[in-house]
Amino acid sequence: MTTINILLDSTTILIFLGIAYLFTFILISAYWRDVIRALPVRIFFLAKCLQSCSWFLVVLRGDIPDFLTISVANSLMFIGASLETISMLRLRNEWRTRYKIMYRLAIPLSIAGFHLIMLLHNEEEARIAYCSAALAIILAPMYRLIKGPSPLMKVIGYIYLFVIAANLVRGTTALFTDIPASFYTPGIYQLLYLVTIYILTILGIMGFMLLWKEKTNQELLHYASYDDLTGALNRRTFMTSAKRYLNHYAKKGEAVSYLLFDIDSFKDINDKYGHHTGDLVLQDVTKRIRHYLDKDDLFVRYGGDEFGILLPGKGEQESSALAERIKIMLQSAPTSLPVSYTISMGVLTVVPDQHTHMESMYTKCDQALYTAKRNGRNTIYRSQFG
């Protein structure tokens with residue numbers, strides 16, 4: 001009867017885990033052309049393939065040599081878990097030097113340590129305790145997902161935290177209690193372990209693909225909202241946000257200021273130094289000015305060398321002081337560019353009401369900017385609304 005139970009459980013495990021890993025292939029195949037080129041997805045795909053091979057070897061214990069079911073199977077599990085963690089770190093853009101060093105060491109050391117256990121104390125409890133501790137350490141960086149910006153990422157983080165805790169509990173159980181922690185011992189522990197592996201595998205696979213989809217959507221939203229060259233808001237996004245600000249400050253009865261500027265003689269810069277240098281100038285002016293802005297300020301590139309800045313809650317004195325600081329900074333700060341440049345700026349301050357629109361503010365500021373150009377460039381001219 002015991003033999004029947006073991007064979008039945010092994011078959012069940014193989015089927016359950018086979019279904020779970022099949023989800024990986026189905027989900028990735030659904031986006032094959034779009035996502036398989038992405039390195040994090042390829043690494044995750046390889047990790048699941050190695051883990052699948054590992055479980056396949058494990059359930060064949062007794063039918064094939066122990067070298068395959070113990071040594072090779074656990075080595076594949078260490079490598080698979082490491083690659084899964086690496087794929088998640090890459091997905092979050094956290095694959096930095098310290099993690100590169102950590103996993104260059106973790107993979108060979110975990111495998112070497114396991115084989116050292118086999119040589120010095122080849123008992124199943126010792127192997128289980130070592131593997132559980134090693135996997136918990138390998139998966140440890142996953143806890144950082146809990147601090148992620150999205151609810152989905154936090155949920156996935158807690159799932160991995162549970163996996164880490166479960167491995168530590170299993171290792172402690174094997175090492176310090178008489179409760180059977182072996183994968184091959186029939187009983188409630190084996191059943192719970194089977195169900196846990198199955199559920200967490202499904203959730204892990206689906207979670208990774210959902211996180212990848214979430215990241216892709218965020219990138220698409222970023223590209224749809226920001227100027228590719230400078231990182232400033234594009235016109236459509238700016239106008240939407242500006243309208244919301246104007247309505248909000250109209251209710252509060254507080255001032256809003258608007259700065260409109262362009263780069264003096266920008267066409268001459270393009271003609272003399274080339275469009276690449278012109279692009280560098282646009283990136284440079286954006287980067288420098290951004291340091292002077294608060295988090296609620298809206299910075300937009302309308303096109304070409306024309307930019308605008310909406311300053312919610314700032315009146316004439318604050319906006320004039322900011323405009324002057326920006327002008328002085330640009331004309332005096334050292335730069336690695338092959339050309340120096342200045343800007344001319346129109347400034348407007350209003351206390352908005354229900355009839356105040358961004359389009360009319362732009363028109364007034366554009367007139368002020370034109371006046372600043374006529375006054376000799378590298379100047380600031382304030383317009384009055386009304």
# chains A, B, ... in the order shown; residues from 1 in each chain; ligands from 1
call {"tool": "select_by_dssp", "arguments": {"residues": "segment 103-297 of chain A", "states": "strand (DSSP E or B)", "output": "JSON, numbers by chain"}}
result
{"A": [226, 233, 256, 257, 258, 259, 260, 261, 262, 263]}
call {"tool": "residues_around", "arguments": {"residues": "Val256 of chain A", "least_positions_apart": "5", "cutoff": "6 Å", "atoms": "only C-alpha atoms", "output": "PyMOL selection string"}}
result
chain A and resi 311-314+349-350
call {"tool": "residues_around", "arguments": {"residues": "Arg170 of chain A", "least_positions_apart": "4", "cutoff": "8 Å", "atoms": "only C-alpha atoms", "output": "NGL selection string"}}
result
:A and (128-129 or 132 or 166 or 174 or 181)
call {"tool": "write_last_selection", "arguments": {"atoms": "C-alpha atoms", "output": "PDB file, in the first residue's frame"}}
result
ATOM      1  CA  ILE A 128      16.861  19.012   2.809  1.00  0.00           C
ATOM      2  CA  ALA A 129      18.057  21.537   5.395  1.00  0.00           C
ATOM      3  CA  SER A 132      16.008  24.883   1.869  1.00  0.00           C
ATOM      4  CA  ALA A 166       8.374  28.070   3.728  1.00  0.00           C
ATOM      5  CA  ALA A 174      14.102  18.502   8.707  1.00  0.00           C
ATOM      6  CA  ALA A 181      10.163  16.627   5.599  1.00  0.00           C
TER       7      ALA A 181
END
call {"tool": "atom_distance", "arguments": {"atom1": "atom CA of Gly148 of chain A", "atom2": "atom CA of Ile199 of chain A"}}
result
22.4 Å
call {"tool": "closest_residue", "arguments": {"among": "A:Asp353, A:Glu125, A:Glu324, A:Asp284", "to": "Tyr381 of chain A", "atoms": "only C-alpha atoms"}}
result
A:Glu324
call {"tool": "residues_around", "arguments": {"residues": "segment 258-260 of chain A", "least_positions_apart": "6", "cutoff": "7 Å", "atoms": "only C-alpha atoms", "output": "JSON, numbers by chain"}}
result
{"A": [307, 308, 309, 310, 311, 345, 346, 347, 348, 349, 365, 366, 369]}
call {"tool": "write_last_selection", "arguments": {"atoms": "N, CA, C and O atoms", "output": "PDB file, in the first residue's frame"}}
result
ATOM      1  N   PHE A 307       9.713  75.894 -25.121  1.00  0.00           N
ATOM      2  CA  PHE A 307       9.359  75.206 -23.884  1.00  0.00           C
ATOM      3  C   PHE A 307       8.452  76.089 -23.041  1.00  0.00           C
ATOM      4  O   PHE A 307       8.476  77.318 -23.169  1.00  0.00           O
ATOM      5  N   GLY A 308       7.689  75.452 -22.158  1.00  0.00           N
ATOM      6  CA  GLY A 308       6.852  76.187 -21.223  1.00  0.00           C
ATOM      7  C   GLY A 308       6.938  75.577 -19.836  1.00  0.00           C
ATOM      8  O   GLY A 308       7.199  74.375 -19.686  1.00  0.00           O
ATOM      9  N   ILE A 309       6.734  76.414 -18.821  1.00  0.00           N
ATOM     10  CA  ILE A 309       6.741  75.948 -17.431  1.00  0.00           C
ATOM     11  C   ILE A 309       5.541  76.558 -16.717  1.00  0.00           C
ATOM     12  O   ILE A 309       5.405  77.785 -16.675  1.00  0.00           O
ATOM     13  N   LEU A 310       4.671  75.723 -16.173  1.00  0.00           N
ATOM     14  CA  LEU A 310       3.559  76.192 -15.370  1.00  0.00           C
ATOM     15  C   LEU A 310       3.939  76.051 -13.904  1.00  0.00           C
ATOM     16  O   LEU A 310       4.356  74.979 -13.457  1.00  0.00           O
ATOM     17  N   LEU A 311       3.781  77.153 -13.161  1.00  0.00           N
ATOM     18  CA  LEU A 311       4.184  77.195 -11.757  1.00  0.00           C
ATOM     19  C   LEU A 311       2.949  77.395 -10.887  1.00  0.00           C
ATOM     20  O   LEU A 311       2.561  78.531 -10.586  1.00  0.00           O
ATOM     21  N   MET A 345      12.613  84.828 -22.613  1.00  0.00           N
ATOM     22  CA  MET A 345      11.486  84.279 -21.875  1.00  0.00           C
ATOM     23  C   MET A 345      10.371  85.301 -21.692  1.00  0.00           C
ATOM     24  O   MET A 345      10.623  86.474 -21.422  1.00  0.00           O
ATOM     25  N   GLY A 346       9.142  84.811 -21.863  1.00  0.00           N
ATOM     26  CA  GLY A 346       7.956  85.581 -21.509  1.00  0.00           C
ATOM     27  C   GLY A 346       7.365  85.020 -20.231  1.00  0.00           C
ATOM     28  O   GLY A 346       7.332  83.801 -20.044  1.00  0.00           O
ATOM     29  N   VAL A 347       6.890  85.908 -19.342  1.00  0.00           N
ATOM     30  CA  VAL A 347       6.383  85.487 -18.040  1.00  0.00           C
ATOM     31  C   VAL A 347       4.997  86.083 -17.822  1.00  0.00           C
ATOM     32  O   VAL A 347       4.739  87.240 -18.172  1.00  0.00           O
ATOM     33  N   LEU A 348       4.116  85.283 -17.228  1.00  0.00           N
ATOM     34  CA  LEU A 348       2.751  85.727 -16.971  1.00  0.00           C
ATOM     35  C   LEU A 348       2.284  85.155 -15.638  1.00  0.00           C
ATOM     36  O   LEU A 348       2.543  83.989 -15.329  1.00  0.00           O
ATOM     37  N   THR A 349       1.615  85.977 -14.847  1.00  0.00           N
ATOM     38  CA  THR A 349       1.022  85.522 -13.583  1.00  0.00           C
ATOM     39  C   THR A 349      -0.449  85.901 -13.559  1.00  0.00           C
ATOM     40  O   THR A 349      -0.805  87.046 -13.884  1.00  0.00           O
ATOM     41  N   CYS A 365       1.731  84.917 -23.267  1.00  0.00           N
ATOM     42  CA  CYS A 365       3.150  84.675 -22.999  1.00  0.00           C
ATOM     43  C   CYS A 365       3.955  84.668 -24.298  1.00  0.00           C
ATOM     44  O   CYS A 365       5.119  85.074 -24.317  1.00  0.00           O
ATOM     45  N   ASP A 366       3.346  84.185 -25.365  1.00  0.00           N
ATOM     46  CA  ASP A 366       4.034  84.179 -26.657  1.00  0.00           C
ATOM     47  C   ASP A 366       4.307  85.607 -27.122  1.00  0.00           C
ATOM     48  O   ASP A 366       5.371  85.906 -27.688  1.00  0.00           O
ATOM     49  N   LEU A 369       7.180  86.800 -25.091  1.00  0.00           N
ATOM     50  CA  LEU A 369       8.428  86.204 -25.584  1.00  0.00           C
ATOM     51  C   LEU A 369       8.914  86.931 -26.838  1.00  0.00           C
ATOM     52  O   LEU A 369      10.115  87.210 -26.988  1.00  0.00           O
TER      53      LEU A 369
END
call {"tool": "residues_around", "arguments": {"residues": "Pro149 of chain A", "least_positions_apart": "5", "cutoff": "12 Å", "atoms": "only C-alpha atoms", "output": "list in words"}}
result
Arg92, Arg144, Lys154, Val155, Ile156, Gly157, Leu211, Glu214, Lys215 and Gln218 of chain A
call {"tool": "select_by_dssp", "arguments": {"residues": "segment 263-366 of chain A", "states": "helix (DSSP H, G or I)", "output": "PyMOL selection string"}}
result
chain A and resi 266-273+275-290+316-332+358-366
call {"tool": "closest_residue", "arguments": {"among": "A:Gly304, A:Pro338, A:Tyr292, A:Cys49", "to": "Leu322 of chain A", "atoms": "only C-alpha atoms"}}
result
A:Tyr292
call {"tool": "residues_around", "arguments": {"residues": "segment 76-85 of chain A", "least_positions_apart": "2", "cutoff": "8 Å", "atoms": "only C-alpha atoms", "output": "list of chain:residue names"}}
result
A:Ile43, A:Phe44, A:Leu46, A:Ala47, A:Lys48, A:Cys49, A:Leu50, A:Gln51, A:Cys53, A:Ser54, A:Val72, A:Ala73, A:Asn74, A:Ser87, A:Met88, A:Leu89, A:Tyr103, A:Ala106, A:Ile107, A:Ser110, A:Ile111, A:Ala134, A:Leu135, A:Ile138, A:Leu139, A:Pro141, A:Met142
call {"tool": "closest_residue", "arguments": {"among": "A:Arg382, A:Arg90, A:His276, A:Arg244", "to": "Ser319 of chain A", "atoms": "only C-alpha atoms"}}
result
A:Arg382
call {"tool": "atom_distance", "arguments": {"atom1": "atom CA of Ser225 of chain A", "atom2": "atom CA of Arg325 of chain A"}}
result
27.7 Å
call {"tool": "closest_atom_pairs", "arguments": {"of": "segment 311-362 of chain A", "to": "segment 270-273 of chain A", "cutoff": "12 Å", "atoms": "only C-alpha atoms", "output": "tab-separated table"}}
result
residue	atom	partner	partner_atom	distance
A:Leu337	CA	A:Tyr273	CA	10.5
A:Pro338	CA	A:Tyr273	CA	8.2
A:Val339	CA	A:Tyr273	CA	8.1
A:Ser340	CA	A:Tyr273	CA	11.4
A:Tyr341	CA	A:Asn270	CA	12.0
